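J.: Pasting protein-v3.tsv here (TSV, C-alpha atoms):
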chain	number	residue	atom	x	y	z
A	1299	MET	CA	0.00	0.00	0.00
A	1300	MET	CA	1.30	3.47	-0.83
A	1301	LEU	CA	0.21	7.02	-1.46
A	1302	ILE	CA	-0.06	8.19	-5.04
A	1303	PRO	CA	2.71	10.62	-6.08
A	1304	THR	CA	1.72	13.83	-7.82
A	1305	HIS	CA	3.44	12.75	-11.05
A	1306	HIS	CA	1.43	9.55	-11.39
A	1307	PHE	CA	0.55	8.71	-15.00
A	1308	ARG	CA	-2.78	6.97	-14.35
A	1309	ASP	CA	-6.02	8.72	-15.29
A	1310	ILE	CA	-7.23	10.11	-11.98
A	1311	GLU	CA	-9.24	13.17	-11.02
A	1312	ARG	CA	-7.98	15.05	-8.00
A	1313	LYS	CA	-11.30	16.65	-7.12
A	1314	PRO	CA	-12.98	15.55	-3.87
A	1315	GLU	CA	-16.24	14.73	-5.67
A	1316	TYR	CA	-14.46	12.46	-8.19
A	1317	LEU	CA	-15.90	9.04	-7.30
A	1318	GLN	CA	-19.54	10.08	-7.08
A	1319	PRO	CA	-20.77	6.51	-6.48
A	1320	GLU	CA	-24.40	7.59	-6.51
A	1321	LYS	CA	-24.07	8.28	-10.26
A	1322	CYS	CA	-22.74	4.81	-11.06
A	1323	VAL	CA	-25.44	2.23	-11.54
A	1324	PRO	CA	-24.71	-1.28	-12.87
A	1325	PRO	CA	-26.14	-2.09	-16.32
A	1326	PRO	CA	-29.89	-2.74	-16.05
A	1327	TYR	CA	-29.69	-5.93	-18.10
A	1328	PRO	CA	-26.43	-7.73	-17.28
A	1329	GLY	CA	-25.56	-10.56	-19.62
A	1330	PRO	CA	-25.71	-14.12	-18.33
A	1331	VAL	CA	-22.59	-15.85	-17.13
A	1332	GLY	CA	-20.66	-17.43	-20.00
A	1333	THR	CA	-22.00	-15.07	-22.66
A	1334	MET	CA	-19.74	-14.98	-25.71
A	1335	TRP	CA	-17.56	-11.90	-25.94
A	1336	PHE	CA	-17.83	-10.07	-29.26
A	1337	ILE	CA	-17.06	-6.45	-30.14
A	1338	ARG	CA	-19.53	-4.86	-32.56
A	1339	ASP	CA	-17.07	-2.64	-34.38
A	1340	GLY	CA	-17.47	-2.27	-38.15
A	1341	CYS	CA	-13.77	-1.78	-38.85
A	1342	GLY	CA	-12.76	-4.70	-36.65
A	1343	ILE	CA	-15.34	-7.04	-38.17
A	1344	ALA	CA	-14.17	-6.08	-41.68
A	1345	CYS	CA	-10.52	-6.70	-40.73
A	1346	ALA	CA	-11.41	-10.08	-39.21
A	1347	ILE	CA	-13.26	-11.09	-42.40
A	1348	VAL	CA	-10.29	-9.98	-44.52
A	1349	THR	CA	-7.98	-12.06	-42.32
A	1350	TRP	CA	-10.04	-15.20	-42.89
A	1351	PHE	CA	-10.33	-14.46	-46.61
A	1352	LEU	CA	-6.54	-14.14	-46.99
A	1353	VAL	CA	-5.90	-17.40	-45.13
A	1354	LEU	CA	-8.50	-19.21	-47.23
A	1355	TYR	CA	-7.02	-17.71	-50.41
A	1356	ALA	CA	-3.61	-19.07	-49.44
A	1357	GLU	CA	-5.28	-22.41	-48.74
A	1358	PHE	CA	-6.86	-22.42	-52.22
A	1359	VAL	CA	-3.62	-21.59	-54.05
A	1360	VAL	CA	-1.52	-24.06	-52.09
A	1361	LEU	CA	-3.97	-26.93	-52.57
A	1362	PHE	CA	-5.42	-26.42	-56.05
A	1363	VAL	CA	-2.51	-24.72	-57.81
A	1364	MET	CA	0.52	-26.43	-56.28
A	1365	LEU	CA	-0.21	-29.63	-54.35
A	1366	ILE	CA	-3.18	-31.44	-55.92
A	1367	PRO	CA	-1.88	-31.25	-59.54
A	1368	SER	CA	1.53	-32.56	-58.48
A	1369	ARG	CA	2.35	-36.21	-59.22
A	1370	ASP	CA	4.75	-36.36	-56.28
A	1371	TYR	CA	2.17	-37.71	-53.86
A	1372	VAL	CA	4.51	-37.89	-50.88
A	1373	TYR	CA	5.47	-34.24	-51.32
A	1374	SER	CA	1.81	-33.22	-51.69
A	1375	ILE	CA	0.55	-35.22	-48.72
A	1376	ILE	CA	3.27	-34.09	-46.30
A	1377	ASN	CA	3.07	-30.42	-47.24
A	1378	GLY	CA	-0.72	-30.54	-47.39
A	1379	ILE	CA	-0.98	-31.93	-43.85
A	1380	VAL	CA	1.55	-29.45	-42.44
A	1381	PHE	CA	0.03	-26.41	-44.14
A	1382	ASN	CA	-3.56	-27.31	-43.27
A	1383	LEU	CA	-2.65	-28.03	-39.66
A	1384	LEU	CA	-0.91	-24.66	-39.29
A	1385	ALA	CA	-3.78	-22.85	-41.04
A	1386	PHE	CA	-6.32	-24.55	-38.77
A	1387	LEU	CA	-4.37	-23.59	-35.64
A	1388	ALA	CA	-4.00	-20.02	-36.93
A	1389	LEU	CA	-7.75	-19.62	-37.50
A	1390	ALA	CA	-8.56	-21.31	-34.19
A	1391	SER	CA	-6.19	-18.93	-32.41
A	1392	HIS	CA	-7.82	-16.02	-34.21
A	1393	CYS	CA	-11.26	-17.11	-33.03
A	1394	ARG	CA	-10.09	-17.52	-29.44
A	1395	ALA	CA	-8.35	-14.12	-29.47
A	1396	MET	CA	-11.47	-12.49	-30.93
A	1397	LEU	CA	-14.15	-14.21	-28.83
A	1398	THR	CA	-12.37	-14.33	-25.46
A	1399	ASP	CA	-12.98	-11.64	-22.86
A	1400	PRO	CA	-9.56	-9.92	-22.71
A	1401	GLY	CA	-10.02	-9.04	-19.04
A	1402	ALA	CA	-12.81	-6.49	-19.00
A	1403	VAL	CA	-13.52	-4.82	-15.68
A	1404	PRO	CA	-17.21	-5.09	-14.65
A	1405	LYS	CA	-18.97	-2.06	-16.10
A	1406	GLY	CA	-20.63	0.30	-13.64
A	1407	ASN	CA	-19.12	-1.33	-10.54
A	1408	ALA	CA	-18.15	2.03	-8.99
A	1409	THR	CA	-21.19	1.87	-6.73
A	1410	LYS	CA	-21.36	2.85	-3.09
A	1411	GLU	CA	-21.79	-0.77	-2.06
A	1412	PHE	CA	-18.76	-1.97	-3.99
A	1413	ILE	CA	-16.55	0.84	-2.69
A	1414	GLU	CA	-17.61	0.07	0.88
A	1415	SER	CA	-16.84	-3.63	0.31
A	1416	LEU	CA	-13.20	-2.72	-0.40
A	1417	GLN	CA	-12.87	-1.50	3.21
A	1418	LEU	CA	-10.53	1.33	2.32
A	1419	LYS	CA	-8.11	2.56	4.94
A	1420	PRO	CA	-6.84	6.13	5.31
A	1421	GLY	CA	-4.33	6.90	2.59
A	1422	GLN	CA	-5.57	4.22	0.22
A	1423	VAL	CA	-6.75	5.28	-3.23
A	1424	VAL	CA	-8.98	3.67	-5.83
A	1425	TYR	CA	-9.27	4.74	-9.46
A	1426	LYS	CA	-12.58	5.32	-11.17
A	1427	CYS	CA	-12.93	5.39	-14.93
A	1428	PRO	CA	-15.27	8.26	-15.83
A	1429	LYS	CA	-16.00	6.67	-19.23
A	1430	CYS	CA	-17.35	3.27	-18.15
A	1431	CYS	CA	-18.03	4.14	-14.49
A	1432	SER	CA	-15.97	1.28	-13.10
A	1433	ILE	CA	-13.30	0.95	-10.44
A	1434	LYS	CA	-10.07	0.33	-12.33
A	1435	PRO	CA	-7.67	-2.34	-11.07
A	1436	ASP	CA	-3.98	-1.58	-11.16
A	1437	ARG	CA	-2.52	-1.76	-14.72
A	1438	ALA	CA	-5.97	-1.52	-16.34
A	1439	HIS	CA	-6.65	0.94	-19.17
A	1440	HIS	CA	-9.81	2.07	-20.92
A	1441	CYS	CA	-10.33	1.03	-24.55
A	1442	SER	CA	-12.37	3.48	-26.59
A	1443	VAL	CA	-13.36	0.75	-29.09
A	1444	CYS	CA	-14.41	-1.92	-26.58
A	1445	LYS	CA	-15.79	0.84	-24.31
A	1446	ARG	CA	-14.47	-1.03	-21.28
A	1447	CYS	CA	-11.48	-0.96	-18.97
A	1448	ILE	CA	-9.22	-3.93	-19.76
A	1449	ARG	CA	-6.81	-5.59	-17.34
A	1450	LYS	CA	-3.20	-5.44	-18.53
A	1451	MET	CA	-4.34	-4.03	-21.86
A	1452	ASP	CA	-1.53	-4.19	-24.42
A	1453	HIS	CA	-3.33	-2.68	-27.43
A	1454	HIS	CA	-6.53	-2.95	-29.44
A	1455	CYS	CA	-5.98	-5.03	-32.56
A	1456	PRO	CA	-8.50	-4.56	-35.40
A	1457	TRP	CA	-7.29	-7.80	-37.06
A	1458	VAL	CA	-8.77	-9.82	-34.19
A	1459	ASN	CA	-11.50	-7.23	-33.49
A	1460	ASN	CA	-10.59	-7.20	-29.81
A	1461	CYS	CA	-8.24	-5.86	-27.22
A	1462	VAL	CA	-5.15	-7.87	-26.34
A	1463	GLY	CA	-5.24	-8.17	-22.58
A	1464	GLU	CA	-4.73	-10.40	-19.59
A	1465	ASN	CA	-7.01	-13.25	-20.68
A	1466	ASN	CA	-6.38	-13.53	-24.43
A	1467	GLN	CA	-2.75	-12.53	-24.93
A	1468	LYS	CA	-1.77	-16.20	-25.31
A	1469	TYR	CA	-4.18	-16.65	-28.23
A	1470	PHE	CA	-2.95	-13.49	-29.94
A	1471	VAL	CA	0.67	-14.65	-29.66
A	1472	LEU	CA	-0.27	-18.05	-31.11
A	1473	PHE	CA	-2.19	-16.34	-33.92
A	1474	THR	CA	0.82	-14.26	-34.96
A	1475	MET	CA	3.12	-17.28	-34.68
A	1476	TYR	CA	0.99	-19.59	-36.83
A	1477	ILE	CA	0.33	-16.91	-39.46
A	1478	ALA	CA	4.09	-16.32	-39.72
A	1479	LEU	CA	4.69	-20.08	-40.08
A	1480	ILE	CA	2.11	-20.63	-42.83
A	1481	SER	CA	3.40	-17.54	-44.64
A	1482	LEU	CA	6.94	-18.92	-44.57
A	1483	HIS	CA	5.75	-22.37	-45.61
A	1484	ALA	CA	3.75	-20.94	-48.52
A	1485	LEU	CA	6.74	-18.89	-49.75
A	1486	ILE	CA	8.98	-21.96	-49.67
A	1487	MET	CA	6.47	-24.02	-51.64
A	1488	VAL	CA	6.04	-21.24	-54.21
A	1489	GLY	CA	9.81	-21.15	-54.66
A	1490	PHE	CA	9.97	-24.90	-55.32
A	1491	HIS	CA	7.02	-24.64	-57.67
A	1492	PHE	CA	8.70	-21.97	-59.79
A	1493	LEU	CA	11.98	-23.88	-59.93
A	1494	HIS	CA	10.40	-27.21	-60.86
A	1495	CYS	CA	7.45	-26.33	-63.08
A	1496	PHE	CA	8.41	-23.25	-65.00
A	1497	GLU	CA	11.60	-24.91	-66.17
A	1498	GLU	CA	9.41	-27.47	-67.95
A	1499	ASP	CA	7.14	-24.79	-69.37
A	1500	TRP	CA	10.14	-22.84	-70.69
A	1501	THR	CA	11.42	-25.94	-72.45
A	1502	ASN	CA	8.00	-26.49	-74.04
A	1503	LEU	CA	7.94	-22.91	-75.26
A	1504	LEU	CA	11.33	-23.35	-76.92
A	1505	LYS	CA	10.03	-26.41	-78.74
A	1506	ALA	CA	6.82	-24.66	-79.74
A	1507	TYR	CA	8.50	-21.68	-81.38
A	1508	GLY	CA	11.05	-23.87	-83.20
A	1509	LEU	CA	14.80	-24.34	-82.94
A	1510	ASN	CA	17.33	-25.08	-85.66
A	1511	ARG	CA	19.04	-28.46	-85.73
A	1512	GLU	CA	22.13	-27.25	-83.87
A	1513	GLU	CA	20.06	-25.56	-81.19
A	1514	MET	CA	17.87	-28.64	-80.87
A	1515	THR	CA	20.95	-30.84	-80.58
A	1516	GLU	CA	22.41	-28.62	-77.89
A	1517	ALA	CA	19.08	-28.61	-76.09
A	1518	GLY	CA	18.75	-32.40	-76.52
A	1519	ILE	CA	15.45	-32.16	-78.42
A	1520	SER	CA	14.77	-34.70	-81.20
A	1521	LEU	CA	12.85	-34.02	-84.43
A	1522	HIS	CA	10.08	-36.34	-83.25
A	1523	GLU	CA	9.71	-34.29	-80.05
A	1524	LYS	CA	9.57	-31.08	-82.08
A	1525	MET	CA	6.65	-32.44	-84.14
A	1526	GLN	CA	4.61	-33.14	-80.99
A	1527	PRO	CA	1.58	-30.91	-80.30
A	1528	LEU	CA	2.21	-27.67	-78.42
A	1529	LYS	CA	2.25	-28.20	-74.69
A	1530	VAL	CA	2.84	-24.95	-72.86
A	1531	SER	CA	1.80	-25.97	-69.38
A	1532	SER	CA	2.39	-29.27	-67.67
A	1533	THR	CA	-0.63	-30.75	-65.93
A	1534	GLU	CA	1.77	-31.94	-63.27
A	1535	CYS	CA	2.34	-28.33	-62.25
A	1536	SER	CA	-1.05	-26.65	-62.35
A	1537	SER	CA	-4.63	-27.19	-63.48
A	1538	PHE	CA	-4.82	-23.55	-64.55
A	1539	SER	CA	-3.36	-21.76	-67.55
A	1540	PRO	CA	0.18	-20.33	-67.18
A	1541	PRO	CA	-0.96	-16.67	-66.92
A	1542	THR	CA	-3.54	-17.53	-64.26
A	1543	THR	CA	-1.04	-19.66	-62.37
A	1544	VAL	CA	1.58	-16.91	-62.42
A	1545	ILE	CA	-0.91	-14.28	-61.19
A	1546	LEU	CA	-2.16	-16.51	-58.35
A	1547	LEU	CA	1.38	-17.36	-57.23
A	1548	ILE	CA	2.58	-13.75	-57.38
A	1549	LEU	CA	-0.37	-12.62	-55.25
A	1550	LEU	CA	0.36	-15.42	-52.80
A	1551	CYS	CA	4.03	-14.37	-52.66
A	1552	PHE	CA	3.07	-10.77	-51.94
A	1553	GLU	CA	0.59	-11.82	-49.25
A	1554	GLY	CA	3.00	-14.30	-47.67
A	1555	LEU	CA	5.92	-11.86	-47.57
A	1556	LEU	CA	3.80	-9.04	-46.17
A	1557	PHE	CA	2.26	-11.14	-43.41
A	1558	LEU	CA	5.51	-12.92	-42.61
A	1559	ILE	CA	7.18	-9.60	-41.85
A	1560	PHE	CA	4.19	-8.12	-40.03
A	1561	THR	CA	3.35	-11.11	-37.83
A	1562	SER	CA	7.00	-11.88	-37.07
A	1563	VAL	CA	7.46	-8.35	-35.75
A	1564	MET	CA	4.23	-8.59	-33.72
A	1565	PHE	CA	5.24	-11.99	-32.34
A	1566	GLY	CA	8.64	-10.63	-31.28
A	1567	THR	CA	7.17	-7.55	-29.60
A	1568	GLN	CA	4.58	-9.63	-27.76
A	1569	VAL	CA	7.16	-12.11	-26.45
A	1570	HIS	CA	9.38	-9.21	-25.36
A	1571	SER	CA	6.39	-7.58	-23.64
A	1572	ILE	CA	5.61	-10.82	-21.81
A	1573	CYS	CA	9.21	-11.41	-20.72
A	1574	THR	CA	9.59	-7.87	-19.38
A	1575	ASP	CA	6.07	-7.92	-17.85
A	1576	GLU	CA	5.31	-4.54	-19.39
A	1577	THR	CA	2.41	-3.96	-21.75
A	1578	GLY	CA	2.62	-1.91	-24.92
A	1579	ILE	CA	0.64	0.94	-23.36
A	1580	GLU	CA	2.89	0.95	-20.29
A	1581	GLN	CA	5.96	1.11	-22.51
A	1582	LEU	CA	4.43	3.89	-24.61
A	1583	LYS	CA	3.42	5.98	-21.59
A	1584	LYS	CA	6.62	5.08	-19.72
A	1585	GLU	CA	4.59	4.33	-16.64
A	1586	GLU	CA	6.32	3.91	-13.34
A	1587	ARG	CA	6.72	0.23	-12.43
A	1588	ARG	CA	4.63	-0.47	-9.32
A	1589	TRP	CA	4.37	-4.26	-9.54
A	1590	ALA	CA	6.76	-6.96	-8.38
A	1591	LYS	CA	9.47	-7.96	-10.82
A	1592	LYS	CA	9.48	-11.65	-11.79
A	1593	THR	CA	11.73	-13.83	-13.92
A	1594	LYS	CA	11.10	-14.15	-17.64
A	1595	TRP	CA	10.11	-17.79	-17.21
A	1596	MET	CA	7.54	-16.90	-14.54
A	1597	ASN	CA	6.12	-14.21	-16.79
A	1598	MET	CA	5.79	-16.71	-19.64
A	1599	LYS	CA	4.00	-19.19	-17.38
A	1600	ALA	CA	1.68	-16.45	-16.17
A	1601	VAL	CA	0.48	-15.91	-19.75
A	1602	PHE	CA	0.60	-19.43	-21.20
A	1603	GLY	CA	-0.30	-21.35	-18.03
A	1604	HIS	CA	1.29	-23.63	-15.48
A	1605	PRO	CA	3.23	-25.80	-16.02
A	1606	PHE	CA	5.05	-25.93	-19.36
A	1607	SER	CA	3.38	-28.39	-21.76
A	1608	LEU	CA	2.18	-28.82	-25.32
A	1609	GLY	CA	-0.87	-26.87	-24.23
A	1610	TRP	CA	1.22	-23.72	-24.61
A	1611	ALA	CA	1.02	-24.18	-28.39
A	1612	SER	CA	-2.69	-25.08	-28.39
A	1613	PRO	CA	-5.40	-22.44	-28.81
A	1614	PHE	CA	-7.83	-24.89	-27.18
A	1615	ALA	CA	-5.96	-25.03	-23.85
A	1616	THR	CA	-7.08	-22.25	-21.50
A	1617	PRO	CA	-4.17	-21.06	-19.35
A	1618	ASP	CA	-4.55	-21.35	-15.59
A	1619	GLN	CA	-3.89	-17.79	-14.44
A	1620	GLY	CA	-5.44	-18.03	-11.03
A	1621	LYS	CA	-8.13	-15.85	-9.56
A	1622	ALA	CA	-8.06	-12.07	-9.55
A	1623	ASP	CA	-6.77	-10.43	-6.39
A	1624	PRO	CA	-9.65	-8.54	-4.73
A	1625	TYR	CA	-7.20	-5.95	-3.39
A	1626	GLN	CA	-5.70	-5.06	-6.75
A	1627	TYR	CA	-8.19	-2.20	-6.98
A	1628	VAL	CA	-6.48	-0.52	-4.03
A	1629	VAL	CA	-3.05	1.13	-3.70
Translate this structure into structure tokens?
T.:
Amino acid sequence: MMLIPTHHFRDIERKPEYLQPEKCVPPPYPGPVGTMWFIRDGCGIACAIVTWFLVLYAEFVVLFVMLIPSRDYVYSIINGIVFNLLAFLALASHCRAMLTDPGAVPKGNATKEFIESLQLKPGQVVYKCPKCCSIKPDRAHHCSVCKRCIRKMDHHCPWVNNCVGENNQKYFVLFTMYIALISLHALIMVGFHFLHCFEEDWTNLLKAYGLNREEMTEAGISLHEKMQPLKVSSTECSSFSPPTTVILLILLCFEGLLFLIFTSVMFGTQVHSICTDETGIEQLKKEERRWAKKTKWMNMKAVFGHPFSLGWASPFATPDQGKADPYQYVV
């Protein structure tokens, strides 16, 4: 417990009438326990739809342009399983990050009864958010999009249409990791596809437009082969025409490179934020550290759950973060 210094960075009014508990009434129709969390924000919903569309587009190109037409069944099966598994985990992580309550503080809990239940002592201070009329726990910040105070809010991400906070940071980290992995995997497969297939198509083009005897001899092409019907695209490489195939692969390359860079940077910043136990907002505002310093490993376990297991990489495993401290509202 400590007194608040005058240079404190938290949003706090210094007027005596600040709390005004009589003006804070809980919502008249509180949602039932277990209600799905979903933010009704047009921009966020559009970004979430675009995210799914881009992943499904990559799925379409990888399967129907590169893997299914290939006659190397082992190559197709292995890469198909790996890519689909990573894509499934990425979309599952996206859903969990989007539909999980990030740690919203109960709205309108700054009532007289709740303040009295805290049993404040002289010198103790509580923070009230004037926007959502709630008592703010330590390290909570108000999100103007979610219209709620969020525990350990890192930032609001439109791509998951949700805040990244105490309860869903694990799913956001997994989402960025799996998107980076499928982007890298797609780029590698596109590279192999260009090297293997377009070499055959180039050879067919040389035959189609005719070579003299010396050029044919150097290229190892017989007269019988030259008289064969024009074959510009090998069915082993793609079921689509060469121009369509090239356009689809170039778009996939652009998408994969863009998202590989973006999600890798986000993954790195999130892991650094977890290890240092300092959210993005706290770093941006350069807030004074008022919480106990823990080891990097303890910080990782606090986000991904105790103990270390394969569940850390699963978006279906809910981390055990313990119960909220009832005194975290008070300093």
J.: Could you list as a list of chain:residue names every residue that has an atom within 12 Å of (-2.4, -28.3, -39.4), using the file's coordinates and counting all atoms listed in the file?
T.: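 Within 12 Å of (-2.4, -28.3, -39.4), the protein and nucleic acid residues are A:Glu1357, A:Ile1375, A:Ile1376, A:Asn1377, A:Gly1378, A:Ile1379, A:Val1380, A:Phe1381, A:Asn1382, A:Leu1383, A:Leu1384, A:Ala1385, A:Phe1386, A:Leu1387, A:Ala1388, A:Leu1389, A:Ala1390, A:Tyr1476, A:Ile1477, A:Leu1479, A:Ile1480, A:His1483, A:Ser1612.
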J.: Can you pull out the residues contacting Trp1595 (chain A)? Cut-off 12 Å, using all atoms listed in the file, and skip same-chain residues under 2 positions away; I want them as a PyMOL selection string.
T.: chain A and resi 1569-1570+1572-1575+1591-1593+1597-1606
J.: Produce the centre coordinates and the three edge lengths, each in Å to one decimal, of the box along x, y and z that contains all listed atoms of region 1492-1496 of chain A with 8 Å added on each side, as lines of an AutoDock Vina configuration file.
T.:
center_x = 9.7
center_y = -24.6
center_z = -62.4
size_x = 20.5
size_y = 21.2
size_z = 21.2
J.: In Å, how far is it from CA of Val1403 (chain A) to CA of Arg1449 (chain A)?
T.: 7.0 Å
J.: Measuring between only C-alpha atoms, which one of A:Lys1426, A:Asp1399, A:Lys1583, A:His1491 shows the shortest distance to Tyr1373 (chain A)?
T.: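 Ranking A:Lys1426, A:Asp1399, A:Lys1583, A:His1491 by distance to Tyr1373 (chain A), first place goes to A:His1491.
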J.: Which one of A:Leu1354, A:Cys1495, A:His1453, A:Cys1461 sits closest to Leu1582 (chain A) if you count only C-alpha atoms?
T.: A:His1453
J.: Go ahead and compute the interatomic distance for CA of Met1564 (chain A) and CA of Arg1587 (chain A), in Å to one decimal.
T.: 23.2 Å
J.: Need the shell around Phe1470 (chain A): protein/DNA/RNA residues with any atom at most 9 Å away, counting all atoms listed in the file. Skip same-chain ones fewer than 4 positions apart. Format as a list in words?
T.: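 Within the cut-off, the hits are Ser1391, His1392, Arg1394, Ala1395, Met1396, Val1458, Val1462, Asn1466, Thr1474, Met1475, Phe1565 and Gln1568 of chain A.
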J.: Just how far from CA of Cys1455 (chain A) is CA of Ser1562 (chain A), in Å to one decimal?
T.: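 CA of Ser1562 (chain A) sits 15.4 Å away from CA of Cys1455 (chain A).
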J.: With only C-alpha atoms as the atoms that count, which of A:Gly1566, A:Pro1367, A:Pro1435, A:Pro1420 lies nearest to Cys1535 (chain A)?
T.: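 So, comparing all the options, the nearest one is A:Pro1367.
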J.: Could you check the closest approach to Val1360 (chain A) for each of A:Ser1536, A:Ser1571, A:Thr1398, A:Gln1581 and tell me which residue wins, using only C-alpha atoms?
T.: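 Under the stated criterion, the closest residue is A:Ser1536.
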J.: Using all atoms listed in the file, find the one residue out of A:Lys1429, A:Arg1437, A:Arg1369, A:Lys1445 that sits nearest to Glu1464 (chain A).
T.: A:Arg1437
